[in-house]
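Trainee: Just query-v7.pdb, nothing more (PDB, C-alpha atoms):
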MODEL        1
ATOM      1  CA  MET A  12     -57.691  53.227 -35.368
ATOM      2  CA  ALA A  13     -61.320  52.379 -34.696
ATOM      3  CA  ALA A  14     -61.966  55.786 -33.137
ATOM      4  CA  THR A  15     -60.539  57.648 -36.090
ATOM      5  CA  THR A  16     -62.511  55.529 -38.499
ATOM      6  CA  GLU A  17     -65.722  56.441 -36.739
ATOM      7  CA  GLN A  18     -64.730  60.061 -36.786
ATOM      8  CA  GLN A  19     -64.070  59.882 -40.501
ATOM      9  CA  GLU A  20     -67.417  58.333 -41.133
ATOM     10  CA  LEU A  21     -69.218  60.879 -38.974
ATOM     11  CA  THR A  22     -67.639  63.859 -40.669
ATOM     12  CA  GLY A  23     -67.447  62.283 -44.082
ATOM     13  CA  SER A  24     -70.971  60.883 -44.408
ATOM     14  CA  PRO A  25     -72.878  64.161 -44.967
ATOM     15  CA  ALA A  26     -70.812  64.598 -48.148
ATOM     16  CA  GLY A  27     -73.731  63.675 -50.335
ATOM     17  CA  PRO A  28     -74.327  65.213 -53.738
ATOM     18  CA  ARG A  29     -76.563  67.834 -52.098
ATOM     19  CA  ARG A  30     -73.794  69.501 -50.131
ATOM     20  CA  ARG A  31     -70.746  68.797 -52.246
ATOM     21  CA  GLY A  32     -68.905  71.996 -51.298
ATOM     22  CA  THR A  33     -69.063  71.626 -47.532
ATOM     23  CA  GLY A  34     -68.474  67.893 -47.903
ATOM     24  CA  ARG A  35     -65.156  68.504 -49.626
ATOM     25  CA  VAL A  36     -64.024  70.920 -46.950
ATOM     26  CA  ALA A  37     -65.118  68.528 -44.243
ATOM     27  CA  ALA A  38     -63.245  65.683 -45.947
ATOM     28  CA  ALA A  39     -60.088  67.782 -46.251
ATOM     29  CA  VAL A  40     -60.299  68.811 -42.593
ATOM     30  CA  SER A  41     -60.825  65.234 -41.497
ATOM     31  CA  VAL A  42     -57.868  63.971 -43.533
ATOM     32  CA  PHE A  43     -55.732  66.727 -42.012
ATOM     33  CA  GLY A  44     -56.938  65.736 -38.545
ATOM     34  CA  GLU A  45     -56.122  62.116 -39.201
ATOM     35  CA  LEU A  46     -52.644  63.041 -40.357
ATOM     36  CA  LEU A  47     -52.101  64.914 -37.079
ATOM     37  CA  ILE A  48     -53.347  61.935 -35.077
ATOM     38  CA  THR A  49     -51.033  59.684 -37.094
ATOM     39  CA  ALA A  50     -48.082  61.990 -36.440
ATOM     40  CA  GLY A  51     -48.866  61.896 -32.717
ATOM     41  CA  LEU A  52     -49.018  58.119 -32.742
ATOM     42  CA  VAL A  53     -45.717  57.877 -34.633
ATOM     43  CA  LEU A  54     -44.014  60.179 -32.128
ATOM     44  CA  GLY A  55     -45.432  58.128 -29.288
ATOM     45  CA  LEU A  56     -44.105  54.979 -30.915
ATOM     46  CA  PHE A  57     -40.717  56.639 -31.276
ATOM     47  CA  VAL A  58     -40.613  57.203 -27.520
ATOM     48  CA  VAL A  59     -41.515  53.540 -26.987
ATOM     49  CA  TYR A  60     -38.772  52.606 -29.437
ATOM     50  CA  SER A  61     -36.129  54.823 -27.835
ATOM     51  CA  LEU A  62     -36.780  53.999 -24.212
ATOM     52  CA  TRP A  63     -37.831  50.382 -24.423
ATOM     53  CA  TRP A  64     -37.171  48.579 -27.687
ATOM     54  CA  THR A  65     -33.547  49.727 -28.065
ATOM     55  CA  ASN A  66     -32.923  48.390 -24.533
ATOM     56  CA  VAL A  67     -34.338  44.996 -25.482
ATOM     57  CA  ILE A  68     -32.139  44.793 -28.576
ATOM     58  CA  ALA A  69     -29.033  46.149 -26.865
ATOM     59  CA  ASP A  70     -29.302  43.897 -23.801
ATOM     60  CA  ARG A  71     -29.655  40.892 -26.052
ATOM     61  CA  LYS A  72     -26.539  41.838 -28.017
ATOM     62  CA  ALA A  73     -24.533  42.722 -24.907
ATOM     63  CA  ASP A  74     -25.434  39.409 -23.281
ATOM     64  CA  ARG A  75     -24.342  37.486 -26.345
ATOM     65  CA  GLN A  76     -21.059  39.365 -26.635
ATOM     66  CA  GLY A  77     -20.439  39.092 -22.892
ATOM     67  CA  ASP A  78     -20.985  35.337 -23.050
ATOM     68  CA  LYS A  79     -18.446  35.124 -25.857
ATOM     69  CA  VAL A  80     -15.863  36.972 -23.786
ATOM     70  CA  ARG A  81     -16.432  34.708 -20.768
ATOM     71  CA  ASP A  82     -16.301  31.636 -23.017
ATOM     72  CA  SER A  83     -12.994  32.703 -24.505
ATOM     73  CA  TRP A  84     -11.607  33.366 -21.005
ATOM     74  CA  ALA A  85     -12.686  29.922 -19.874
ATOM     75  CA  GLN A  86     -11.147  28.381 -22.966
ATOM     76  CA  GLU A  87      -7.872  30.204 -22.370
ATOM     77  CA  GLU A  88      -7.893  28.965 -18.784
ATOM     78  CA  LYS A  89      -8.174  25.392 -19.958
ATOM     79  CA  GLY A  90      -5.263  25.957 -22.277
ATOM     80  CA  GLY A  91      -7.367  25.500 -25.356
ATOM     81  CA  PRO A  92      -6.925  27.487 -28.530
ATOM     82  CA  VAL A  93      -7.166  31.181 -27.807
ATOM     83  CA  ALA A  94     -10.177  32.580 -29.580
ATOM     84  CA  TYR A  95      -9.680  35.951 -27.965
ATOM     85  CA  ASP A  96     -11.057  38.789 -29.997
ATOM     86  CA  SER A  97     -10.826  42.259 -28.510
ATOM     87  CA  LYS A  98     -13.765  43.222 -30.698
ATOM     88  CA  ASN A  99     -15.982  41.286 -28.310
ATOM     89  CA  GLY A 100     -14.844  43.338 -25.368
ATOM     90  CA  ILE A 101     -11.965  43.590 -22.961
ATOM     91  CA  GLY A 102     -13.711  43.067 -19.647
ATOM     92  CA  PHE A 103     -16.655  43.890 -17.434
ATOM     93  CA  LEU A 104     -17.489  46.887 -15.341
ATOM     94  CA  HIS A 105     -19.263  46.331 -12.033
ATOM     95  CA  VAL A 106     -20.770  49.380 -10.352
ATOM     96  CA  PRO A 107     -23.068  48.006  -7.637
ATOM     97  CA  ASP A 108     -24.327  51.437  -6.584
ATOM     98  CA  MET A 109     -25.428  52.211 -10.127
ATOM     99  CA  THR A 110     -26.642  48.901 -11.527
ATOM    100  CA  GLY A 111     -26.797  45.286 -10.486
ATOM    101  CA  ASP A 112     -25.768  44.162 -13.959
ATOM    102  CA  GLU A 113     -22.273  43.838 -15.262
ATOM    103  CA  ILE A 114     -21.381  46.131 -18.132
ATOM    104  CA  LEU A 115     -19.290  44.815 -20.974
ATOM    105  CA  VAL A 116     -16.490  47.158 -22.028
ATOM    106  CA  GLU A 117     -15.560  47.423 -25.686
ATOM    107  CA  LYS A 118     -13.229  49.546 -27.736
ATOM    108  CA  GLY A 119     -14.495  52.826 -29.113
ATOM    109  CA  THR A 120     -17.286  55.254 -28.365
ATOM    110  CA  THR A 121     -19.044  55.387 -31.724
ATOM    111  CA  SER A 122     -22.793  54.891 -31.590
ATOM    112  CA  LYS A 123     -22.312  51.606 -33.429
ATOM    113  CA  VAL A 124     -20.361  50.264 -30.449
ATOM    114  CA  LEU A 125     -22.399  51.897 -27.695
ATOM    115  CA  ASN A 126     -25.739  50.923 -29.209
ATOM    116  CA  ASP A 127     -24.963  47.288 -28.413
ATOM    117  CA  GLY A 128     -25.581  48.023 -24.746
ATOM    118  CA  VAL A 129     -21.952  48.240 -23.682
ATOM    119  CA  ALA A 130     -19.610  50.849 -22.273
ATOM    120  CA  GLY A 131     -16.927  51.977 -24.696
ATOM    121  CA  TYR A 132     -13.467  53.240 -23.856
ATOM    122  CA  TYR A 133     -12.365  56.367 -25.657
ATOM    123  CA  THR A 134     -10.027  56.179 -28.607
ATOM    124  CA  ASP A 135     -10.868  59.685 -29.755
ATOM    125  CA  PRO A 136     -10.424  62.608 -29.000
ATOM    126  CA  VAL A 137      -8.318  61.437 -26.026
ATOM    127  CA  LYS A 138      -7.104  57.877 -25.994
ATOM    128  CA  ALA A 139      -7.957  55.964 -22.851
ATOM    129  CA  ALA A 140      -5.170  54.318 -20.855
ATOM    130  CA  LEU A 141      -6.216  50.719 -20.333
ATOM    131  CA  PRO A 142      -5.732  49.451 -16.785
ATOM    132  CA  THR A 143      -4.346  46.213 -18.208
ATOM    133  CA  SER A 144      -1.372  48.143 -19.591
ATOM    134  CA  GLY A 145      -0.335  48.957 -16.017
ATOM    135  CA  LYS A 146       0.632  52.477 -17.070
ATOM    136  CA  LYS A 147      -0.616  55.604 -15.362
ATOM    137  CA  GLY A 148      -3.401  57.407 -17.136
ATOM    138  CA  ASN A 149      -7.109  57.748 -17.463
ATOM    139  CA  PHE A 150      -9.390  54.838 -18.316
ATOM    140  CA  SER A 151     -12.188  56.897 -19.867
ATOM    141  CA  LEU A 152     -15.523  55.302 -20.685
ATOM    142  CA  ALA A 153     -18.854  56.313 -22.178
ATOM    143  CA  ALA A 154     -22.242  54.604 -22.226
ATOM    144  CA  HIS A 155     -25.863  55.459 -22.843
ATOM    145  CA  ARG A 156     -28.022  57.091 -20.174
ATOM    146  CA  ASP A 157     -31.285  56.105 -21.882
ATOM    147  CA  GLY A 158     -32.092  53.550 -24.514
ATOM    148  CA  HIS A 159     -29.623  51.115 -26.063
ATOM    149  CA  GLY A 160     -29.175  49.329 -22.756
ATOM    150  CA  ALA A 161     -29.050  52.557 -20.705
ATOM    151  CA  LYS A 162     -26.039  51.196 -18.873
ATOM    152  CA  PHE A 163     -25.184  54.465 -17.122
ATOM    153  CA  HIS A 164     -28.803  55.408 -16.420
ATOM    154  CA  ASN A 165     -28.322  55.650 -12.651
ATOM    155  CA  ILE A 166     -24.961  57.404 -12.739
ATOM    156  CA  HIS A 167     -26.411  60.109 -10.463
ATOM    157  CA  LYS A 168     -26.684  57.528  -7.672
ATOM    158  CA  LEU A 169     -22.906  57.283  -7.422
ATOM    159  CA  LYS A 170     -21.377  59.045  -4.427
ATOM    160  CA  LYS A 171     -17.813  59.652  -3.337
ATOM    161  CA  GLY A 172     -16.232  56.466  -2.085
ATOM    162  CA  ASP A 173     -18.457  54.114  -4.099
ATOM    163  CA  PRO A 174     -16.590  51.289  -5.783
ATOM    164  CA  ILE A 175     -16.187  50.865  -9.536
ATOM    165  CA  VAL A 176     -14.716  47.463 -10.303
ATOM    166  CA  PHE A 177     -13.277  46.496 -13.655
ATOM    167  CA  GLU A 178     -12.975  42.776 -14.220
ATOM    168  CA  THR A 179     -10.568  41.286 -16.731
ATOM    169  CA  LYS A 180      -9.559  37.711 -17.333
ATOM    170  CA  ASP A 181      -7.144  37.539 -14.441
ATOM    171  CA  LYS A 182      -7.494  40.761 -12.441
ATOM    172  CA  TRP A 183     -10.019  42.850 -10.533
ATOM    173  CA  TYR A 184      -9.253  46.553 -10.710
ATOM    174  CA  VAL A 185     -11.012  48.222  -7.796
ATOM    175  CA  TYR A 186     -11.562  51.961  -8.199
ATOM    176  CA  LYS A 187     -13.150  54.376  -5.743
ATOM    177  CA  VAL A 188     -15.214  57.349  -6.858
ATOM    178  CA  TYR A 189     -13.602  60.609  -5.736
ATOM    179  CA  GLY A 190     -14.976  63.272  -8.068
ATOM    180  CA  ILE A 191     -18.320  64.054  -9.697
ATOM    181  CA  LEU A 192     -19.110  66.718 -12.261
ATOM    182  CA  PRO A 193     -22.906  66.750 -12.594
ATOM    183  CA  GLU A 194     -22.999  69.005 -15.620
ATOM    184  CA  THR A 195     -20.421  70.038 -18.176
ATOM    185  CA  SER A 196     -20.256  71.017 -21.810
ATOM    186  CA  LYS A 197     -20.137  68.259 -24.374
ATOM    187  CA  TYR A 198     -16.983  69.901 -25.732
ATOM    188  CA  ASN A 199     -15.154  69.585 -22.429
ATOM    189  CA  VAL A 200     -12.632  66.947 -23.500
ATOM    190  CA  LYS A 201     -10.330  67.921 -20.619
ATOM    191  CA  VAL A 202     -12.314  65.597 -18.355
ATOM    192  CA  LEU A 203     -10.733  62.707 -20.285
ATOM    193  CA  GLY A 204      -7.173  63.937 -19.706
ATOM    194  CA  ALA A 205      -4.529  61.659 -18.254
ATOM    195  CA  VAL A 206      -4.655  63.901 -15.172
ATOM    196  CA  PRO A 207      -8.220  65.247 -15.036
ATOM    197  CA  LYS A 208      -7.540  68.604 -13.361
ATOM    198  CA  GLU A 209     -11.208  69.454 -12.863
ATOM    199  CA  SER A 210     -11.528  66.474 -10.557
ATOM    200  CA  GLY A 211      -9.000  68.074  -8.238
ATOM    201  CA  ARG A 212      -6.107  65.755  -9.003
ATOM    202  CA  THR A 213      -2.815  67.203 -10.117
ATOM    203  CA  LYS A 214      -0.528  64.201 -10.190
ATOM    204  CA  ALA A 215      -0.460  61.304 -12.591
ATOM    205  CA  GLY A 216      -2.281  58.232 -11.345
ATOM    206  CA  HIS A 217      -4.552  55.408 -12.310
ATOM    207  CA  TYR A 218      -7.871  57.086 -12.961
ATOM    208  CA  ILE A 219     -11.182  55.963 -14.370
ATOM    209  CA  THR A 220     -13.711  58.337 -15.942
ATOM    210  CA  LEU A 221     -17.341  57.574 -16.705
ATOM    211  CA  THR A 222     -19.116  59.937 -19.071
ATOM    212  CA  THR A 223     -22.732  59.982 -20.173
ATOM    213  CA  CYS A 224     -25.380  62.506 -21.072
ATOM    214  CA  THR A 225     -27.482  64.574 -18.710
ATOM    215  CA  PRO A 226     -30.254  65.560 -17.908
ATOM    216  CA  ILE A 227     -32.000  62.215 -18.310
ATOM    217  CA  TYR A 228     -33.763  61.799 -21.690
ATOM    218  CA  THR A 229     -31.733  64.538 -23.334
ATOM    219  CA  SER A 230     -28.129  65.059 -24.198
ATOM    220  CA  ARG A 231     -27.608  68.756 -23.619
ATOM    221  CA  TYR A 232     -24.806  68.283 -21.088
ATOM    222  CA  ARG A 233     -22.436  65.583 -19.951
ATOM    223  CA  TYR A 234     -22.243  63.923 -16.545
ATOM    224  CA  VAL A 235     -18.787  62.877 -15.422
ATOM    225  CA  VAL A 236     -17.681  60.602 -12.583
ATOM    226  CA  TRP A 237     -14.028  60.095 -11.696
ATOM    227  CA  GLY A 238     -12.508  57.265  -9.751
ATOM    228  CA  GLU A 239      -9.017  56.364  -8.665
ATOM    229  CA  LEU A 240      -7.467  52.923  -8.480
ATOM    230  CA  ASP A 241      -7.625  51.604  -4.942
ATOM    231  CA  ARG A 242      -6.009  48.214  -5.482
ATOM    232  CA  VAL A 243      -5.685  45.340  -7.918
ATOM    233  CA  GLU A 244      -6.723  41.831  -6.938
ATOM    234  CA  LYS A 245      -5.862  38.627  -8.695
ATOM    235  CA  VAL A 246      -8.765  36.540  -9.938
ATOM    236  CA  ASP A 247      -8.845  33.177  -8.146
ATOM    237  CA  ASP A 248     -10.111  29.822  -9.411
ATOM    238  CA  GLN A 249     -13.712  30.510  -8.397
ATOM    239  CA  ARG A 250     -13.573  34.076  -9.708
ATOM    240  CA  THR A 251     -14.485  35.242  -6.192
ATOM    241  CA  PRO A 252     -15.420  38.889  -6.563
ATOM    242  CA  PRO A 253     -13.711  41.483  -4.355
ATOM    243  CA  LYS A 254     -15.526  42.392  -1.147
ATOM    244  CA  GLU A 255     -17.080  45.495  -2.729
ATOM    245  CA  LEU A 256     -19.160  43.268  -4.998
ATOM    246  CA  SER A 257     -19.987  40.394  -2.715
ATOM    247  CA  GLY A 258     -22.799  42.370  -1.097
ATOM    248  CA  SER A 259     -24.773  42.547  -4.310
TER     249      SER A 259
ATOM    250  CA  MET B  16     -57.969  58.573 -44.992
ATOM    251  CA  TYR B  17     -58.576  55.721 -42.538
ATOM    252  CA  GLY B  18     -62.209  55.619 -43.651
ATOM    253  CA  TRP B  19     -61.059  55.326 -47.248
ATOM    254  CA  ILE B  20     -58.779  52.408 -46.327
ATOM    255  CA  TRP B  21     -61.611  50.764 -44.386
ATOM    256  CA  ARG B  22     -64.005  51.039 -47.285
ATOM    257  CA  HIS B  23     -61.465  49.599 -49.725
ATOM    258  CA  LEU B  24     -60.611  46.568 -47.620
ATOM    259  CA  PRO B  25     -62.381  43.448 -48.906
ATOM    260  CA  GLY B  26     -64.679  41.200 -46.894
ATOM    261  CA  ASN B  27     -67.028  41.749 -43.987
ATOM    262  CA  ALA B  28     -66.314  43.739 -40.853
ATOM    263  CA  TRP B  29     -64.360  40.908 -39.203
ATOM    264  CA  VAL B  30     -62.102  40.391 -42.204
ATOM    265  CA  LYS B  31     -61.622  44.139 -42.446
ATOM    266  CA  ALA B  32     -60.706  44.350 -38.768
ATOM    267  CA  LEU B  33     -58.199  41.529 -39.177
ATOM    268  CA  LEU B  34     -56.651  43.114 -42.262
ATOM    269  CA  SER B  35     -56.445  46.463 -40.450
ATOM    270  CA  LEU B  36     -54.598  44.772 -37.616
ATOM    271  CA  VAL B  37     -52.157  43.218 -40.085
ATOM    272  CA  LEU B  38     -51.603  46.620 -41.665
ATOM    273  CA  VAL B  39     -50.973  48.242 -38.263
ATOM    274  CA  VAL B  40     -48.468  45.540 -37.336
ATOM    275  CA  ALA B  41     -46.727  45.949 -40.689
ATOM    276  CA  VAL B  42     -46.474  49.721 -40.232
ATOM    277  CA  VAL B  43     -45.107  49.375 -36.687
ATOM    278  CA  TYR B  44     -42.585  46.801 -37.907
ATOM    279  CA  VAL B  45     -41.342  49.076 -40.698
ATOM    280  CA  LEU B  46     -41.077  51.985 -38.240
ATOM    281  CA  PHE B  47     -39.158  50.027 -35.595
ATOM    282  CA  GLN B  48     -36.949  48.169 -38.037
ATOM    283  CA  TYR B  49     -36.085  50.832 -40.566
ATOM    284  CA  VAL B  50     -37.468  54.316 -39.941
ATOM    285  CA  PHE B  51     -36.561  54.860 -36.263
ATOM    286  CA  PRO B  52     -33.026  53.453 -36.469
ATOM    287  CA  TRP B  53     -32.469  55.806 -39.378
ATOM    288  CA  ALA B  54     -33.998  58.830 -37.651
ATOM    289  CA  GLU B  55     -32.409  58.357 -34.255
ATOM    290  CA  PRO B  56     -28.848  59.514 -34.980
ATOM    291  CA  LEU B  57     -30.277  62.623 -36.626
ATOM    292  CA  LEU B  58     -31.971  63.661 -33.382
ATOM    293  CA  PRO B  59     -30.020  65.135 -30.466
ATOM    294  CA  PHE B  60     -31.276  62.801 -27.739
ATOM    295  CA  ASN B  61     -28.588  60.213 -27.415
ATOM    296  CA  ASP B  62     -25.095  61.665 -27.617
ATOM    297  CA  VAL B  63     -23.154  60.548 -24.594
ATOM    298  CA  THR B  64     -19.528  61.245 -25.391
ATOM    299  CA  VAL B  65     -17.490  64.376 -25.000
ATOM    300  CA  ASP B  66     -15.732  65.446 -28.144
ATOM    301  CA  ASN B  67     -14.395  68.533 -29.783
ATOM    302  CA  GLN B  68     -16.587  68.697 -32.835
TER     303      GLN B  68
ENDMDL
END
When written as structure tokens, how does the structure in this file appear?

Mentor:
Amino acid sequence: MAATTEQQELTGSPAGPRRRGTGRVAAAVSVFGELLITAGLVLGLFVVYSLWWTNVIADRKADRQGDKVRDSWAQEEKGGPVAYDSKNGIGFLHVPDMTGDEILVEKGTTSKVLNDGVAGYYTDPVKAALPTSGKKGNFSLAAHRDGHGAKFHNIHKLKKGDPIVFETKDKWYVYKVYGILPETSKYNVKVLGAVPKESGRTKAGHYITLTTCTPIYTSRYRYVVWGELDRVEKVDDQRTPPKELSGS
Amino acid sequence: MYGWIWRHLPGNAWVKALLSLVLVVAVVYVLFQYVFPWAEPLLPFNDVTVDNQ
């Protein structure tokens, strides 16, 4: 701001009555220059907004909603009135090789849901099969790679065999990564199929699919990680996490 | 433009500087609170789902 003001005064001051013509041109050029500088600053601020501020907002919201879910679980445990509201989320995703934080899982993959810093399970175009239903199918999820919590930012760090654990009120669903598709079209809805053929599986099973955008900072392609259910553990009184998580 | 604003702000240099700061903060607030959230979905940076549209 100060620099541009000086510049304006330097270029603008010779605009005395003597040299009115050149003064006008100089003034017009300097206003144009200032508009360009302003545009640059606004774009810079937009980057700050996208990559930092949306994370602050989203993490705050996700924490609040996650606390509500845990509170309602605790209340249910005590036998109190059930204030369970699936709108607040159905459980938590733990992926220690991707992030040390837990990721709240909510219904839907609209930007309104995902912008709260959560992972959403698909309801459209292919409906996700929830692990809690016990049925075979694909538990397909999406979350942001950058901004809005950036919950799947480090999805590229996942390797075959890494655990993906989904925590619900009374069960730990432990999945193991078995397939990775580093780049696919955003129209490739087959990756969400009940039997995701591209992952190499041909029989029905309990699958989990994580989708996000790639490369980082853009959304030209989609990154897909598939996992298969390894086992289901019951949650004990202390909510002792399964051994895959105890290291973190 | 900025020179024009500076000249039209009342007070001495310190008051002007303070008012400028207030203006900058106000502009950043409006951008972060209203303009960017509106612009973001219109830009192709943050689509993470696969769909058939």

Trainee: Once the ChimeraX specification (/B :<9) & /A has been applied to the shown file, what residues remain in the selection, as a PyMOL selection string?

Mentor: chain A and resi 12-13+15-20+23+38+41-43+45-46+53+56-57+60-61+64+120-122+133+135-137+152-158+196-200+202-203+222-225+228-234

Trainee: Kindly indicate which residue among A:Phe150, A:Phe163, A:Trp63, A:Tyr132 lies nearest to Pro107 (chain A), using all atoms listed in the file for the distances.

Mentor: A:Phe163

Trainee: Can you tell me how far CA of Tyr218 (chain A) sits from CA of Pro142 (chain A), in Å to one decimal?

Mentor: 8.8 Å

Trainee: Apply the PyMOL selection byres ((chain A and resi 111) around 12) to the structure shown and report the selected residues as JSON, numbers by chain.

Mentor: {"A": [104, 105, 106, 107, 108, 109, 110, 112, 113, 114, 162, 163, 164, 165, 256, 257, 258, 259]}

Trainee: Evaluate the PyMOL selection byres ((chain A and resi 69) around 7) on the structure here and hand back the selected residues as a ChimeraX atom specification.

Mentor: /A:65-68,70-73,126-128,159-160

Trainee: Write out, as a compact mmCIF listing (two decimals), in the coordinates of the input, the residues just selected, with C-alpha atoms.

Mentor:
# COMPACT_ATOMS: atom_id res chain seq x y z
CA THR A 65 -33.55 49.73 -28.06
CA ASN A 66 -32.92 48.39 -24.53
CA VAL A 67 -34.34 45.00 -25.48
CA ILE A 68 -32.14 44.79 -28.58
CA ASP A 70 -29.30 43.90 -23.80
CA ARG A 71 -29.66 40.89 -26.05
CA LYS A 72 -26.54 41.84 -28.02
CA ALA A 73 -24.53 42.72 -24.91
CA ASN A 126 -25.74 50.92 -29.21
CA ASP A 127 -24.96 47.29 -28.41
CA GLY A 128 -25.58 48.02 -24.75
CA HIS A 159 -29.62 51.12 -26.06
CA GLY A 160 -29.18 49.33 -22.76

Trainee: What's the separation between CA of Lys79 (chain A) and CA of Asn99 (chain A), in Å to one decimal place?

Mentor: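 Computed distance, CA of Lys79 (chain A) to CA of Asn99 (chain A), equals 7.1 Å.
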
Trainee: Report, in Å with one decimal, the straight-line distance from CA of Arg81 (chain A) to CA of Gly148 (chain A).

Mentor: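 Value for the CA of Arg81 (chain A)-CA of Gly148 (chain A) distance: 26.4 Å.
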
Trainee: Excluding Phe177 (chain A) and residues on its chain fewer than 3 positions from it, collect all residues at most 7 Å away from it, counting only C-alpha atoms, and give them as a PyMOL selection string.

Mentor: chain A and resi 102-105+183-185

Trainee: Name all residues at most 12 Å from Val243 (chain A) (count only C-alpha atoms; drop same-chain ones fewer than 6 positions away) and give them as a PyMOL selection string.

Mentor: chain A and resi 142-143+145+175-179+181-187+217+252-253

Trainee: The centre and edge lengths of an axis-aligned box containing all atoms of region 28-38 of chain B present in the file, extended by 3 Å on each side, are to be given in Å to one decimal, as AutoDock Vina command-line options.

Mentor:
--center_x -59.0 --center_y 43.5 --center_z -40.0 --size_x 20.7 --size_y 12.2 --size_z 10.8

Trainee: Kindly output region 55-66 of chain B as a PDB file, keeping the file's coordinate frame, after building N, CA and C atoms.

Mentor:
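Heads up, here's the output in selection01.pdb:
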ATOM      1  N   GLU B  55     -32.946  58.108 -35.587  1.00  0.00           N
ATOM      2  CA  GLU B  55     -32.409  58.357 -34.255  1.00  0.00           C
ATOM      3  C   GLU B  55     -31.097  59.144 -34.230  1.00  0.00           C
ATOM      4  N   PRO B  56     -30.098  58.754 -35.038  1.00  0.00           N
ATOM      5  CA  PRO B  56     -28.848  59.514 -34.980  1.00  0.00           C
ATOM      6  C   PRO B  56     -28.996  60.967 -35.443  1.00  0.00           C
ATOM      7  N   LEU B  57     -30.081  61.252 -36.158  1.00  0.00           N
ATOM      8  CA  LEU B  57     -30.277  62.623 -36.626  1.00  0.00           C
ATOM      9  C   LEU B  57     -30.872  63.515 -35.542  1.00  0.00           C
ATOM     10  N   LEU B  58     -31.347  62.890 -34.452  1.00  0.00           N
ATOM     11  CA  LEU B  58     -31.971  63.661 -33.382  1.00  0.00           C
ATOM     12  C   LEU B  58     -31.024  63.775 -32.196  1.00  0.00           C
ATOM     13  N   PRO B  59     -31.024  64.897 -31.512  1.00  0.00           N
ATOM     14  CA  PRO B  59     -30.020  65.135 -30.466  1.00  0.00           C
ATOM     15  C   PRO B  59     -30.428  64.601 -29.097  1.00  0.00           C
ATOM     16  N   PHE B  60     -30.831  63.335 -29.024  1.00  0.00           N
ATOM     17  CA  PHE B  60     -31.276  62.801 -27.739  1.00  0.00           C
ATOM     18  C   PHE B  60     -30.271  61.834 -27.126  1.00  0.00           C
ATOM     19  N   ASN B  61     -29.346  61.352 -27.908  1.00  0.00           N
ATOM     20  CA  ASN B  61     -28.588  60.213 -27.415  1.00  0.00           C
ATOM     21  C   ASN B  61     -27.087  60.303 -27.648  1.00  0.00           C
ATOM     22  N   ASP B  62     -26.546  61.531 -27.511  1.00  0.00           N
ATOM     23  CA  ASP B  62     -25.095  61.665 -27.617  1.00  0.00           C
ATOM     24  C   ASP B  62     -24.530  61.621 -26.216  1.00  0.00           C
ATOM     25  N   VAL B  63     -23.622  60.709 -25.970  1.00  0.00           N
ATOM     26  CA  VAL B  63     -23.154  60.548 -24.594  1.00  0.00           C
ATOM     27  C   VAL B  63     -21.679  60.875 -24.428  1.00  0.00           C
ATOM     28  N   THR B  64     -20.962  61.059 -25.506  1.00  0.00           N
ATOM     29  CA  THR B  64     -19.528  61.245 -25.391  1.00  0.00           C
ATOM     30  C   THR B  64     -19.178  62.733 -25.363  1.00  0.00           C
ATOM     31  N   VAL B  65     -18.009  63.018 -24.844  1.00  0.00           N
ATOM     32  CA  VAL B  65     -17.490  64.376 -25.000  1.00  0.00           C
ATOM     33  C   VAL B  65     -16.556  64.371 -26.192  1.00  0.00           C
ATOM     34  N   ASP B  66     -16.645  65.361 -27.005  1.00  0.00           N
ATOM     35  CA  ASP B  66     -15.732  65.446 -28.144  1.00  0.00           C
ATOM     36  C   ASP B  66     -15.596  66.905 -28.543  1.00  0.00           C
TER      37      ASP B  66
END
